[in-house]
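A.B. asks: Contents of query-v4.txt (compact mmCIF, C-alpha atoms and all ligand atoms) are below:
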# COMPACT_ATOMS: atom_id res chain seq x y z
CA MET A 229 -18.38 6.01 -0.01
CA LYS A 230 -18.07 8.81 -2.54
CA ASN A 231 -20.88 9.63 -4.95
CA ILE A 232 -20.72 11.33 -8.33
CA ALA A 233 -24.12 12.17 -9.88
CA VAL A 234 -24.52 12.61 -13.63
CA ILE A 235 -27.44 14.94 -14.27
CA ALA A 236 -29.32 16.97 -16.91
CA ARG A 237 -32.93 18.06 -17.25
CA LYS A 238 -32.75 17.13 -20.93
CA GLY A 239 -33.05 13.60 -22.32
CA GLY A 240 -30.41 12.50 -24.81
CA SER A 241 -27.71 14.86 -23.59
CA GLY A 242 -25.47 11.92 -22.68
CA LYS A 243 -25.98 11.18 -18.97
CA THR A 244 -25.97 7.42 -19.44
CA THR A 245 -22.97 7.55 -21.79
CA VAL A 246 -20.98 9.61 -19.29
CA ALA A 247 -22.11 7.57 -16.25
CA VAL A 248 -21.15 4.24 -17.84
CA ASN A 249 -17.79 5.54 -19.09
CA LEU A 250 -16.96 7.03 -15.69
CA ALA A 251 -17.98 3.89 -13.81
CA ILE A 252 -15.80 1.70 -16.02
CA ALA A 253 -12.92 4.21 -15.90
CA ALA A 254 -12.93 4.07 -12.10
CA HIS A 255 -13.28 0.27 -12.10
CA ARG A 256 -10.23 -0.04 -14.39
CA ARG A 257 -8.26 2.13 -11.98
CA GLY A 258 -8.98 -0.09 -9.00
CA TYR A 259 -12.06 1.43 -7.39
CA ALA A 260 -14.88 -0.80 -6.13
CA VAL A 261 -17.56 0.91 -8.19
CA GLN A 262 -21.31 0.74 -8.06
CA LEU A 263 -23.25 2.19 -10.96
CA ALA A 264 -26.59 3.20 -9.46
CA ASP A 265 -29.18 3.60 -12.20
CA THR A 266 -31.93 5.83 -10.82
CA ASP A 267 -33.55 6.30 -14.23
CA PRO A 268 -36.70 4.13 -14.52
CA GLN A 269 -35.70 3.52 -18.15
CA GLY A 270 -32.74 1.53 -16.82
CA SER A 271 -30.38 2.31 -19.71
CA SER A 272 -27.15 2.10 -17.69
CA ALA A 273 -28.18 -1.26 -16.26
CA GLU A 274 -29.10 -2.41 -19.78
CA VAL A 275 -25.67 -1.40 -21.13
CA LEU A 276 -23.76 -3.22 -18.40
CA LYS A 277 -25.86 -6.35 -18.93
CA ALA A 278 -24.36 -6.53 -22.42
CA ARG A 279 -20.90 -6.51 -20.86
CA LYS A 280 -18.57 -9.52 -21.15
CA GLY A 281 -16.43 -10.16 -18.07
CA GLU A 282 -16.18 -8.30 -14.82
CA GLY A 283 -16.97 -4.64 -14.29
CA PRO A 284 -18.78 -2.23 -12.02
CA ALA A 285 -21.64 -3.56 -9.90
CA VAL A 286 -25.03 -2.30 -11.07
CA LEU A 287 -27.98 -1.38 -8.93
CA GLN A 288 -31.36 -0.34 -10.31
CA THR A 289 -32.88 1.93 -7.71
CA THR A 290 -34.26 5.41 -7.07
CA GLY A 291 -32.57 8.54 -5.80
CA GLU A 292 -34.98 8.54 -2.88
CA ALA A 293 -34.08 4.97 -1.83
CA LEU A 294 -30.33 5.72 -2.01
CA HIS A 295 -30.73 8.89 -0.01
CA ALA A 296 -32.80 7.10 2.67
CA ALA A 297 -30.10 4.40 2.99
CA ARG A 298 -27.16 6.83 2.94
CA ASN A 299 -25.95 5.93 6.43
CA THR A 300 -26.19 2.15 6.08
CA ALA A 301 -23.17 0.41 4.59
CA ASN A 302 -24.88 -2.24 2.47
CA THR A 303 -22.36 -2.39 -0.32
CA GLU A 304 -18.69 -3.21 -0.84
CA ALA A 305 -18.33 -0.23 -3.15
CA ASN A 306 -16.17 2.78 -2.30
CA LEU A 307 -17.39 4.82 -5.24
CA ARG A 308 -20.87 5.22 -6.64
CA ILE A 309 -21.73 6.77 -9.98
CA LEU A 310 -25.39 7.80 -10.18
CA ASP A 311 -27.14 7.86 -13.54
CA THR A 312 -30.31 9.94 -13.30
CA PRO A 313 -33.51 10.54 -15.28
CA ALA A 314 -34.25 13.74 -17.17
CA ALA A 315 -36.75 14.60 -14.49
CA ALA A 316 -37.93 17.30 -12.17
CA GLU A 317 -36.17 18.46 -9.05
CA ASP A 318 -37.74 16.14 -6.47
CA SER A 319 -36.53 13.11 -8.39
CA ILE A 320 -32.92 14.16 -9.14
CA GLY A 321 -32.64 16.27 -5.98
CA HIS A 322 -31.84 13.16 -3.92
CA ALA A 323 -28.98 12.23 -6.24
CA ILE A 324 -27.65 15.78 -6.13
CA ALA A 325 -27.87 15.85 -2.33
CA LEU A 326 -25.92 12.60 -2.01
CA ALA A 327 -23.16 13.51 -4.42
CA GLN A 328 -19.79 15.06 -3.58
CA VAL A 329 -20.10 16.53 -7.06
CA SER A 330 -22.70 16.50 -9.84
CA VAL A 331 -21.67 16.49 -13.47
CA LEU A 332 -24.15 18.44 -15.54
CA VAL A 333 -24.10 17.11 -19.09
CA VAL A 334 -25.05 19.50 -21.86
CA ARG A 335 -24.98 19.48 -25.66
CA PRO A 336 -24.15 22.68 -27.52
CA THR A 337 -27.78 23.28 -28.57
CA PHE A 338 -30.23 26.01 -27.63
CA LEU A 339 -32.66 23.67 -25.88
CA ASP A 340 -29.94 21.95 -23.85
CA LEU A 341 -28.51 25.28 -22.77
CA ALA A 342 -31.95 26.49 -21.68
CA ALA A 343 -32.49 23.32 -19.65
CA THR A 344 -29.03 23.72 -18.09
CA LEU A 345 -30.08 27.01 -16.61
CA GLN A 346 -32.85 25.18 -14.70
CA THR A 347 -30.51 22.41 -13.55
CA ALA A 348 -27.93 24.95 -12.39
CA GLN A 349 -30.67 26.63 -10.34
CA ILE A 350 -31.49 23.31 -8.61
CA LEU A 351 -27.82 22.92 -7.65
CA ARG A 352 -27.70 26.43 -6.29
CA ARG A 353 -30.92 25.96 -4.33
CA LEU A 354 -29.60 22.75 -2.79
CA ARG A 355 -26.17 24.39 -2.28
CA ARG A 356 -24.40 21.43 -3.87
CA PRO A 357 -21.33 21.56 -6.11
CA GLY A 358 -21.67 20.96 -9.83
CA LEU A 359 -19.47 20.99 -12.90
CA ILE A 360 -20.72 21.50 -16.44
CA LEU A 361 -19.57 19.03 -19.10
CA LEU A 362 -20.07 19.85 -22.76
CA ASN A 363 -20.90 16.64 -24.66
CA GLN A 364 -21.60 15.71 -28.29
CA ALA A 365 -19.75 18.79 -29.43
CA PRO A 366 -18.67 18.88 -33.08
CA VAL A 367 -14.99 18.18 -33.65
CA PRO A 368 -12.82 21.27 -34.36
CA ARG A 369 -11.72 21.63 -38.00
CA GLY A 370 -8.19 22.85 -38.60
CA GLY A 371 -7.83 23.56 -34.89
CA ILE A 372 -10.77 25.99 -34.97
CA GLU A 373 -13.65 25.52 -32.54
CA PRO A 374 -17.02 25.29 -34.38
CA PRO A 375 -19.25 28.37 -33.84
CA ALA A 376 -21.89 26.30 -31.97
CA VAL A 377 -19.29 25.28 -29.39
CA LYS A 378 -17.99 28.83 -29.02
CA ARG A 379 -21.53 30.12 -28.51
CA ALA A 380 -22.32 27.36 -26.01
CA LEU A 381 -19.18 28.08 -23.98
CA GLU A 382 -20.09 31.77 -23.87
CA ALA A 383 -23.64 30.98 -22.69
CA LEU A 384 -22.36 28.49 -20.10
CA ARG A 385 -20.08 31.07 -18.55
CA LEU A 386 -23.24 32.93 -17.47
CA MET A 387 -24.51 29.94 -15.44
CA GLN A 388 -22.25 30.65 -12.45
CA LEU A 389 -21.08 27.06 -12.38
CA PRO A 390 -17.57 25.90 -13.34
CA VAL A 391 -17.28 24.50 -16.86
CA LEU A 392 -14.98 21.49 -17.13
CA PRO A 393 -11.85 22.14 -19.18
CA MET A 394 -12.26 19.02 -21.35
CA ILE A 395 -15.04 18.67 -23.96
CA LEU A 396 -16.51 15.35 -25.13
CA ARG A 397 -16.89 15.44 -28.89
CA SER A 398 -19.48 13.72 -31.01
CA ARG A 399 -17.70 10.46 -31.86
CA ALA A 400 -18.87 7.09 -33.09
CA ALA A 401 -16.79 5.38 -30.37
CA TYR A 402 -19.26 6.59 -27.70
CA GLN A 403 -22.09 4.78 -29.47
CA THR A 404 -20.27 1.59 -30.48
CA SER A 405 -18.80 1.06 -27.02
CA LEU A 406 -22.15 1.30 -25.25
CA ALA A 407 -23.69 -1.26 -27.59
CA LEU A 408 -20.89 -3.65 -26.54
CA GLY A 409 -21.29 -2.95 -22.83
CA CYS A 410 -17.86 -1.39 -22.61
CA SER A 411 -16.27 2.05 -22.32
CA VAL A 412 -14.48 4.02 -25.01
CA GLU A 413 -11.20 3.34 -23.16
CA GLU A 414 -11.80 -0.38 -23.52
CA LEU A 415 -12.40 -0.01 -27.27
CA GLY A 416 -8.79 1.09 -27.57
CA ALA A 417 -6.62 4.19 -27.74
CA GLY A 418 -8.09 7.19 -29.50
CA PRO A 419 -9.47 10.68 -28.94
CA ALA A 420 -12.63 9.49 -27.13
CA ALA A 421 -10.53 7.38 -24.73
CA ASP A 422 -8.32 10.43 -24.09
CA GLU A 423 -11.39 12.57 -23.32
CA ILE A 424 -12.74 10.08 -20.78
CA ALA A 425 -9.33 9.58 -19.15
CA GLU A 426 -9.00 13.34 -18.79
CA LEU A 427 -12.52 13.64 -17.35
CA TRP A 428 -11.93 10.82 -14.87
CA ASP A 429 -8.56 12.24 -13.73
CA TYR A 430 -10.16 15.61 -13.14
CA LEU A 431 -13.12 14.23 -11.18
CA GLU A 432 -10.89 11.98 -9.12
CA ARG A 433 -8.92 14.98 -7.97
CA PHE A 434 -11.97 17.20 -7.50
CA ALA A 435 -14.60 14.82 -6.15
CA LEU A 436 -12.40 12.32 -4.36
CA GLY A 437 -10.31 14.99 -2.84
CA SER A 438 -6.67 14.47 -3.77
CA ARG A 439 -6.55 17.97 -5.33
CA ARG A 440 -8.89 20.91 -5.49
CA SER A 441 -10.71 21.97 -8.65
CA THR A 442 -8.99 24.33 -11.00
CA ALA A 443 -11.96 24.64 -13.37
CA ALA A 444 -12.43 28.12 -14.71
CA ALA A 445 -15.65 29.63 -13.37
N1 LIG B 501 -20.15 12.15 -27.20
C1 LIG B 501 -21.03 11.45 -27.93
N2 LIG B 501 -20.80 11.15 -29.23
C2 LIG B 501 -21.68 10.47 -29.97
N3 LIG B 501 -22.84 10.01 -29.51
C3 LIG B 501 -23.16 10.25 -28.21
C4 LIG B 501 -22.27 10.95 -27.35
N4 LIG B 501 -22.85 11.04 -26.13
C5 LIG B 501 -24.04 10.40 -26.22
N5 LIG B 501 -24.22 9.94 -27.47
C6 LIG B 501 -25.42 9.24 -27.99
O1 LIG B 501 -26.56 10.06 -27.76
C7 LIG B 501 -27.68 9.27 -27.39
C8 LIG B 501 -28.19 9.72 -26.02
O2 LIG B 501 -27.20 9.47 -25.04
P1 LIG B 501 -27.58 8.96 -23.58
O3 LIG B 501 -26.29 8.77 -22.87
O4 LIG B 501 -28.52 7.82 -23.64
O5 LIG B 501 -28.32 10.27 -23.03
P2 LIG B 501 -29.24 10.45 -21.72
O6 LIG B 501 -28.89 9.37 -20.77
O7 LIG B 501 -28.90 11.81 -21.22
O8 LIG B 501 -30.67 10.38 -22.20
C9 LIG B 501 -27.21 7.81 -27.40
O9 LIG B 501 -27.55 7.26 -28.64
C10 LIG B 501 -25.69 7.94 -27.26
O10 LIG B 501 -25.02 6.85 -27.88
MG MG B 502 -30.02 7.95 -19.76
How does this structure look as structure tokens?

C.D. replies:
Amino acid sequence: MKNIAVIARKGGSGKTTVAVNLAIAAHRRGYAVQLADTDPQGSSAEVLKARKGEGPAVLQTTGEALHAARNTANTEANLRILDTPAAAEDSIGHAIALAQVSVLVVRPTFLDLAATLQTAQILRRLRRPGLILLNQAPVPRGGIEPPAVKRALEALRLMQLPVLPMILRSRAAYQTSLALGCSVEELGAGPAADEIAELWDYLERFALGSRRSTAAA
């Protein structure tokens, strides 16, 4: 069983959006996926309840419970995506410890970047691998990256964690899809679907081991 944790110390950065899209992406590609919602708010579980038809299995649980049961095979799943709360170390530390890789979701805002520094420190303390994903970034105009994104990328390079090469932009598709219990890929072809496909392909190679990371540090 492989685990991918989606983490951030900041609420609203997009953990649930990324976790649900990743879980459905893997399900569509043939994995037996469990989406473990360790956030007491239960947003991931809520989203998948709205889903029509089959999809990833959902488990509402805690990081602590999953970590305690890590050596007991009580699920059919071969891949688990962990959605986590915007909480302190002891709560998300279990998810981080379980995961082959943690995806640290961050918006290009000052407060998100400041919180990312803290999250990156938790990963370093626990000696676990993490990748930074920029989310809700404004769309480039005329091929030019908006200044907020440029500044964020510069700040993120100081965190000593690899930054993923793809960026999730602020797009209505991310909001509409969640309300329907589906992923942006299931909504149909488009830039958001391309972003998630690229993210999934990268994580599959990095976290599930068919190729090593090439993310720029
Ligand atoms: N890339 C994106 N584009 C547009 N809206 C987004 C994007 N990512 C997240 N959102 C929206 O931002 C809000 C917070 O996202 P959510 O995934 O619930 O964050 P978290 O789980 O980190 O609190 C939701 O309304 C969600 O639809
Ligand atoms: Mg959430």

A.B. asks: Which residues are near ligand MG 502 (chain B) in this structure, taking near to mean any atom at most 12 Å from a ligand atom and counting only C-alpha atoms and all ligand atoms? Format them as a PyMOL selection string.

C.D. replies: chain A and resi 234-248+264-275+310-315+333+406

A.B. asks: Enumerate, as a PDB file with C-alpha atoms, in the frame of the given file, the protein, DNA and RNA residues whose atoms approach (-24.2, 32.0, -21.4) to within 12 Å, taking into account only C-alpha atoms and the coordinate frame of the file.

C.D. replies:
ATOM      1  CA  PRO A 336     -24.150  22.680 -27.520  1.00  0.00           C
ATOM      2  CA  THR A 337     -27.780  23.280 -28.570  1.00  0.00           C
ATOM      3  CA  PHE A 338     -30.230  26.010 -27.630  1.00  0.00           C
ATOM      4  CA  ASP A 340     -29.940  21.950 -23.850  1.00  0.00           C
ATOM      5  CA  LEU A 341     -28.510  25.280 -22.770  1.00  0.00           C
ATOM      6  CA  ALA A 342     -31.950  26.490 -21.680  1.00  0.00           C
ATOM      7  CA  THR A 344     -29.030  23.720 -18.090  1.00  0.00           C
ATOM      8  CA  LEU A 345     -30.080  27.010 -16.610  1.00  0.00           C
ATOM      9  CA  VAL A 377     -19.290  25.280 -29.390  1.00  0.00           C
ATOM     10  CA  LYS A 378     -17.990  28.830 -29.020  1.00  0.00           C
ATOM     11  CA  ARG A 379     -21.530  30.120 -28.510  1.00  0.00           C
ATOM     12  CA  ALA A 380     -22.320  27.360 -26.010  1.00  0.00           C
ATOM     13  CA  LEU A 381     -19.180  28.080 -23.980  1.00  0.00           C
ATOM     14  CA  GLU A 382     -20.090  31.770 -23.870  1.00  0.00           C
ATOM     15  CA  ALA A 383     -23.640  30.980 -22.690  1.00  0.00           C
ATOM     16  CA  LEU A 384     -22.360  28.490 -20.100  1.00  0.00           C
ATOM     17  CA  ARG A 385     -20.080  31.070 -18.550  1.00  0.00           C
ATOM     18  CA  LEU A 386     -23.240  32.930 -17.470  1.00  0.00           C
ATOM     19  CA  MET A 387     -24.510  29.940 -15.440  1.00  0.00           C
ATOM     20  CA  GLN A 388     -22.250  30.650 -12.450  1.00  0.00           C
ATOM     21  CA  LEU A 389     -21.080  27.060 -12.380  1.00  0.00           C
ATOM     22  CA  VAL A 391     -17.280  24.500 -16.860  1.00  0.00           C
ATOM     23  CA  ALA A 445     -15.650  29.630 -13.370  1.00  0.00           C
TER      24      ALA A 445
END

A.B. asks: Can you work out the spacing between CA of Gly358 (chain A) and CA of Gly291 (chain A) in Å, to one decimal?

C.D. replies: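 Distance between the two atoms: 17.0 Å.
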
A.B. asks: How many Å lie between CA of Ile324 (chain A) and CA of Leu351 (chain A), rounded to one decimal?

C.D. replies: 7.3 Å

A.B. asks: Quick one: residues within 7 Å of His255 (chain A), all atoms listed in the file counted, chain neighbours fewer than 6 positions away excluded, as a CSV table (one decimal) with C-alpha atoms, in the frame of the given file?

C.D. replies:
chain,number,residue,atom,x,y,z
A,261,VAL,CA,-17.6,0.9,-8.2
A,283,GLY,CA,-17.0,-4.6,-14.3
A,284,PRO,CA,-18.8,-2.2,-12.0

A.B. asks: Using N, CA, C and O atoms, give me region 241-256 of chain A from the structure I just pasted, as a compact mmCIF listing (two decimals), in the first residue's frame.

C.D. replies:
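Heads up, here's the output in selection-v7.txt:
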# COMPACT_ATOMS: atom_id res chain seq x y z
N SER A 241 -6.06 26.37 1.19
CA SER A 241 -5.02 26.38 0.16
C SER A 241 -5.35 25.42 -0.99
O SER A 241 -4.88 25.60 -2.10
N GLY A 242 -6.17 24.42 -0.69
CA GLY A 242 -6.60 23.50 -1.77
C GLY A 242 -6.29 22.04 -1.50
O GLY A 242 -6.29 21.22 -2.42
N LYS A 243 -6.06 21.67 -0.25
CA LYS A 243 -5.74 20.27 0.08
C LYS A 243 -6.84 19.33 -0.40
O LYS A 243 -6.57 18.31 -1.05
N THR A 244 -8.09 19.67 -0.03
CA THR A 244 -9.19 18.77 -0.38
C THR A 244 -9.36 18.69 -1.89
O THR A 244 -9.55 17.59 -2.45
N THR A 245 -9.24 19.82 -2.56
CA THR A 245 -9.36 19.85 -4.03
C THR A 245 -8.31 18.94 -4.66
O THR A 245 -8.61 18.13 -5.55
N VAL A 246 -7.08 19.05 -4.19
CA VAL A 246 -5.99 18.25 -4.76
C VAL A 246 -6.18 16.78 -4.39
O VAL A 246 -6.03 15.88 -5.25
N ALA A 247 -6.54 16.50 -3.13
CA ALA A 247 -6.70 15.10 -2.69
C ALA A 247 -7.80 14.40 -3.50
O ALA A 247 -7.61 13.27 -3.98
N VAL A 248 -8.93 15.05 -3.69
CA VAL A 248 -10.04 14.44 -4.42
C VAL A 248 -9.64 14.22 -5.88
O VAL A 248 -9.87 13.15 -6.46
N ASN A 249 -9.03 15.23 -6.49
CA ASN A 249 -8.63 15.09 -7.90
C ASN A 249 -7.59 13.99 -8.10
O ASN A 249 -7.64 13.26 -9.08
N LEU A 250 -6.67 13.87 -7.14
CA LEU A 250 -5.65 12.82 -7.25
C LEU A 250 -6.28 11.44 -7.07
O LEU A 250 -5.95 10.49 -7.79
N ALA A 251 -7.17 11.33 -6.08
CA ALA A 251 -7.79 10.03 -5.81
C ALA A 251 -8.57 9.57 -7.04
O ALA A 251 -8.48 8.40 -7.45
N ILE A 252 -9.32 10.47 -7.64
CA ILE A 252 -10.11 10.08 -8.82
C ILE A 252 -9.20 9.81 -10.02
O ILE A 252 -9.42 8.88 -10.79
N ALA A 253 -8.12 10.60 -10.15
CA ALA A 253 -7.17 10.36 -11.25
C ALA A 253 -6.60 8.95 -11.16
O ALA A 253 -6.55 8.22 -12.16
N ALA A 254 -6.21 8.55 -9.97
CA ALA A 254 -5.63 7.21 -9.80
C ALA A 254 -6.69 6.14 -10.03
O ALA A 254 -6.42 5.10 -10.66
N HIS A 255 -7.89 6.37 -9.53
CA HIS A 255 -9.00 5.42 -9.73
C HIS A 255 -9.24 5.21 -11.23
O HIS A 255 -9.40 4.07 -11.69
N ARG A 256 -9.26 6.30 -11.99
CA ARG A 256 -9.51 6.21 -13.44
C ARG A 256 -8.41 5.45 -14.16
O ARG A 256 -8.61 4.94 -15.25
